[in-house]
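A.B. asks: Below is one structure. I have some questions about it.
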Amino acid sequence: MGQNIVDAIVSVETFIISIPREVPYLGPLKQGEVINERGYLVRKGNRTIYPSTDMTLLVKVSGESGRVGWGECYGIVAPEATKAIIDDVVGPVILGRDPGDAVVIHEDLYDLMRVRGFFGGYYLDALAGVDIALWDLTGKNLGVPVSTLLGGRRHDRLPAYVSGLPRATIKERCDLAVEWIGKGYKGIKFAAAVSDEGIVNEMAALREAVGPDIDLMVDLHWKFEAAEAIRLVRRLEPYNLYFAEAPCQPENLEGQVRVARGIGVPLALGEELRTAYEYRPRFEARAMSIVQPEIGHSGISEFIQIGRMAQAFHMNVIPHASISIGIFMAASLQAASALQNVPYHEYQHSVFDRNLDFVTGDMGCREGCYTVPTGVGIGVEPHERIFEYVK
Ligand code: MG
């Protein structure tokens with residue numbers, strides 16, 4: 001702990017937020033997909049559970065100074081679990097600490113549960129939200145954006161690729177892609193693994209629709225055994241993919257390496273990984289050429305470490321974007337703006353644009369690029385109206 005405490009943490013609070021939406025994440029319900037009594041649905045294409053609302057967990061850290069830092073955790077299912085970890089374990093432990101010790105606190109919190117199997121999952125999601133709030137409060141205490149704390153802002157704007165095409169048919173998805181290109185976007189990704197029409201058909205139709213100059217990406221949602229993935233991605237090579245994402249199960253490191261070596265397309269992965277420790281064997285094995293850290297899982301401290309490791313391994317960083325009301329998105333833009341090797345940042349238009357109404361500040365995404373917020377800390381604050389959606 002630092003000798004000269006600039007501020008001292010006096011409270012840590014959490015808020016589960018659930019904002020209704022008309023079309024669920026990843027598009028309209030398909031045949032056989034239903035929303036259960038808890039508000040969740042299982043996508044048949046990738047067998048993964050999602051909320052039907054925009055669900056998230058906000059973290060508010062207050063300092064003795066009266067200033068407040070905001071964080072947000074990946075909280076899209078069972079946010080009560082992450083909330084309980086912060087309320088019962090993490091929050092009380094950091095009272096009295098200086099938010100300026102964000103990295104030191106993060107390391108201490110990581111050690112706190114070391115022998116209990118908590119080096120992943122909900123525990124680290126909780127740490128991520130707290131970590132973002134500490135960096136935010138420190139920036140406010142020092143009167144600078146988080147990017148300055150991280151060594152400086154290299155990018156004021158970051159190219160955004162349009163992720164997901166939440167429409168019911170191939171034709172509608174192609175039309176939507178063309179619509180976004182018309183707004184100035186140069187990159188489009190489709191989660192073809194959740195489509196019913198066939199991945200090759202989807203990508204062929206998309207390439208035909210968008211023309212030769214757009215960066216086209218495919219998310220394979222961990223669905224394939226390595227040899228299957230290699231055969232599939234080779235069939236997609238004529239459509240000149242910018243990257244293929246997550247072809248094999250996350251726990252199949254050997255398979256990821258075989259695919260990375262066996263295809264003529266850059267392989268991207270990492271949205272599910274939370275720490276540099278989880279990334280390290282993948283860097284060493286050259287299991288990818290693009291890493292996709294999700295700051296709602298990693299927090300700022302791990303995100304920046306992963307990003308700088310990627311730089312040392314000559315890999316690019318294309319951060320993941322998920323269901324956020326805008327707090328962890330602002331954190332992700334702050335951290336990404338401090339890195340050299342970021343050709344794109346994911347853009348979940350159907351989530352990000354709508355939820356801009358729930359934060360203050362000048363963050364935005366227009367004409368193909370994000371604007372990195374310029375205010376102190378992470379540069380955005382939750383708007384009062386978000387608290388109407390506390391669950
Ligand atoms: Mg993905």
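By convention in this document, the chains of the structure tokens carry letters A, B, ... by their order, each chain's residues are numbered from 1, and ligands are numbered from 1 in the order they are shown.
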Kindly compile the residues surrounding ligand 1 within 10 Å, counting only C-alpha atoms and all ligand atoms, and format them as a list of chain:residue names.
C.D. replies: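 Within the 10 Å cut-off, the matching residues are A:Ser163, A:Gly164, A:Lys189, A:Phe190, A:Ala191, A:Val218, A:Asp219, A:Leu220, A:His221, A:Trp222, A:Ala244, A:Glu245, A:Ala246, A:Pro247, A:Ala268, A:Leu269, A:Gly270, A:Glu271, A:Glu272, A:Gln292, A:His320, A:Ala321, A:Ser322, A:Glu346.
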A.B. asks: Quick one: residues within 10 Å of A:Tyr161, only C-alpha atoms counted, chain neighbours fewer than 2 positions away excluded, as a PyMOL selection string?
C.D. replies: chain A and resi 158-159+163-164+180+185-189+215-217+318+343-349+368-370
A.B. asks: Give me, as a list in words, the residues of stretch 84-251 of chain A that a backbone DSSP run labels strand (DSSP E or B).
C.D. replies: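 These are the residues in question: Pro145, Arg157, Leu158, Pro159, Ala160, Tyr161, Val162, Ser163, Gly187, Ile188, Lys189, Phe190, Asp215, Leu216, Met217, Val218, Asp219, Leu241, Tyr242, Phe243, Ala244 and Glu245 of chain A.
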A.B. asks: Can you write just those residues out, C-alpha atoms, as a short mmCIF file (atom, residue, chain, number, x, y, z; two decimals), in the first residue's frame?
C.D. replies:
data_model
loop_
_atom_site.label_atom_id
_atom_site.label_comp_id
_atom_site.auth_asym_id
_atom_site.auth_seq_id
_atom_site.Cartn_x
_atom_site.Cartn_y
_atom_site.Cartn_z
CA PRO A 145 -8.49 10.43 -18.23
CA ARG A 157 -10.83 7.57 -32.43
CA LEU A 158 -10.80 3.79 -32.87
CA PRO A 159 -12.13 1.97 -35.95
CA ALA A 160 -15.28 0.01 -35.05
CA TYR A 161 -16.38 -3.18 -36.74
CA VAL A 162 -20.10 -3.86 -36.81
CA SER A 163 -20.76 -7.07 -34.88
CA GLY A 187 -15.65 -4.02 -40.97
CA ILE A 188 -18.56 -6.45 -40.51
CA LYS A 189 -18.67 -9.62 -38.41
CA PHE A 190 -21.38 -12.23 -38.43
CA ASP A 215 -13.22 -6.42 -43.86
CA LEU A 216 -15.47 -9.44 -43.32
CA MET A 217 -15.14 -11.55 -40.16
CA VAL A 218 -16.79 -14.74 -38.93
CA ASP A 219 -17.44 -15.82 -35.33
CA LEU A 241 -11.92 -13.14 -44.33
CA TYR A 242 -10.22 -10.56 -42.13
CA PHE A 243 -10.30 -13.07 -39.28
CA ALA A 244 -12.00 -16.27 -38.12
CA GLU A 245 -12.96 -16.21 -34.44
#
A.B. asks: Nearest to A:Gln305: which of A:Val103, A:Cys248, A:Ala192, A:Leu26 is it, counting only C-alpha atoms?
C.D. replies: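 Of all the options, A:Val103 lies closest to A:Gln305.
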A.B. asks: Residues at most 12 Å from A:Gly100, counting only C-alpha atoms, excluding those fewer than 4 positions away in the same chain, as a VMD selection string?
C.D. replies: chain A and resid 1 to 9 63 69 96 104 to 106 131 to 142 146 149 377
A.B. asks: Tell me which protein, DNA and RNA residues are within 12 Å of A:Gln31, counting only C-alpha atoms, leaving out same-chain ones fewer than 6 positions away, and put them as a list in words.
C.D. replies: Val42, Arg43, Lys44, Gly45, Ala168, Ser195 and Asp196 of chain A
A.B. asks: Include C-alpha atoms and write out the residues we just selected as a compact mmCIF listing (two decimals), in the first residue's frame.
C.D. replies:
# COMPACT_ATOMS: atom_id res chain seq x y z
CA VAL A 42 -30.62 -20.75 -24.82
CA ARG A 43 -29.39 -20.18 -28.38
CA LYS A 44 -29.64 -23.48 -30.21
CA GLY A 45 -26.80 -22.60 -32.59
CA ALA A 168 -34.09 -13.23 -39.35
CA SER A 195 -27.40 -19.20 -38.40
CA ASP A 196 -29.58 -21.95 -39.84
A.B. asks: Might you pull out every residue within 12 Å of A:Ala312, with only C-alpha atoms counted and same-chain residues fewer than 4 positions away left off, and present them as a list in words?
C.D. replies: Arg280, Phe283, Glu284, Gln305, Ile306, Gly307, Arg308, Asn316, Val317, Leu339, Gln340 and Asn341 of chain A
A.B. asks: For the selection you just gave me, I'd like the residues written to a file as a tab-separated table (two decimals), in the first residue's frame, keeping N, CA and C atoms.
C.D. replies:
chain	number	residue	atom	x	y	z
A	280	ARG	N	-1.30	-16.54	-21.40
A	280	ARG	CA	0.13	-16.82	-21.60
A	280	ARG	C	0.40	-18.09	-22.43
A	283	PHE	N	-0.29	-17.34	-26.02
A	283	PHE	CA	0.77	-16.53	-26.66
A	283	PHE	C	1.96	-17.42	-27.01
A	284	GLU	N	2.40	-18.22	-26.03
A	284	GLU	CA	3.60	-19.04	-26.23
A	284	GLU	C	3.42	-20.03	-27.37
A	305	GLN	N	-2.33	-5.37	-19.42
A	305	GLN	CA	-1.23	-6.33	-19.39
A	305	GLN	C	-1.32	-7.30	-20.57
A	306	ILE	N	-2.55	-7.78	-20.84
A	306	ILE	CA	-2.77	-8.67	-21.98
A	306	ILE	C	-2.42	-7.94	-23.29
A	307	GLY	N	-2.85	-6.68	-23.37
A	307	GLY	CA	-2.59	-5.90	-24.58
A	307	GLY	C	-1.11	-5.68	-24.83
A	308	ARG	N	-0.36	-5.42	-23.76
A	308	ARG	CA	1.08	-5.20	-23.94
A	308	ARG	C	1.81	-6.52	-24.22
A	316	ASN	N	-2.14	-8.54	-32.76
A	316	ASN	CA	-3.03	-7.40	-32.64
A	316	ASN	C	-4.07	-7.61	-31.54
A	317	VAL	N	-4.61	-6.49	-31.06
A	317	VAL	CA	-5.67	-6.52	-30.05
A	317	VAL	C	-6.93	-5.95	-30.69
A	339	LEU	N	-3.05	1.66	-26.35
A	339	LEU	CA	-2.25	0.59	-26.97
A	339	LEU	C	-1.95	0.93	-28.43
A	340	GLN	N	-0.84	0.35	-28.90
A	340	GLN	CA	-0.38	0.65	-30.25
A	340	GLN	C	-1.09	-0.20	-31.31
A	341	ASN	N	-1.39	-1.43	-30.93
A	341	ASN	CA	-1.73	-2.48	-31.91
A	341	ASN	C	-3.22	-2.80	-31.93
A.B. asks: Give me the residues within 10 Å of A:Gly121 as a list in words, counting only C-alpha atoms and dropping any in the same chain fewer than 6 places off.
C.D. replies: Tyr74, Thr82, Glu272, Leu273, Arg274 and His297 of chain A
A.B. asks: Distance atom CA of A:Val77-atom CA of A:Ser301, one decimal place?
C.D. replies: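 For atom CA of A:Val77 relative to atom CA of A:Ser301, the distance reads 23.6 Å.
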A.B. asks: Would you please work out which residue, of A:Val10, A:Ile263, A:Ala336, A:Leu253, is nearest to A:Val68 when using only C-alpha atoms?
C.D. replies: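 Closest candidate: A:Val10.
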A.B. asks: Provide the atom CA of A:Val90 to atom CA of A:Thr56 distance in Å, to one decimal place.
C.D. replies: 18.1 Å
A.B. asks: Write out as a tab-separated table (two decimals) with N, CA and C atoms, in the first residue's frame the residues lying within 8 Å of A:Arg366, counting only C-alpha atoms and excluding same-chain residues fewer than 4 positions away.
C.D. replies:
chain	number	residue	atom	x	y	z
A	183	LYS	N	-23.10	3.86	-43.78
A	183	LYS	CA	-22.86	4.83	-42.70
A	183	LYS	C	-21.37	5.02	-42.44
A	184	GLY	N	-20.54	4.37	-43.24
A	184	GLY	CA	-19.09	4.63	-43.11
A	184	GLY	C	-18.29	3.54	-42.43
A	370	TYR	N	-15.23	4.74	-33.17
A	370	TYR	CA	-15.59	5.17	-31.82
A	370	TYR	C	-14.87	6.48	-31.52
A	371	THR	N	-15.53	7.34	-30.74
A	371	THR	CA	-14.86	8.48	-30.12
A	371	THR	C	-14.50	8.07	-28.70
A.B. asks: Report, in Å to a single decimal, how far apart atom CA of A:Cys73 and atom CA of A:Tyr50 are.
C.D. replies: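 Taking atom CA of A:Tyr50 as the start and atom CA of A:Cys73 as the end point, the length is 15.4 Å.
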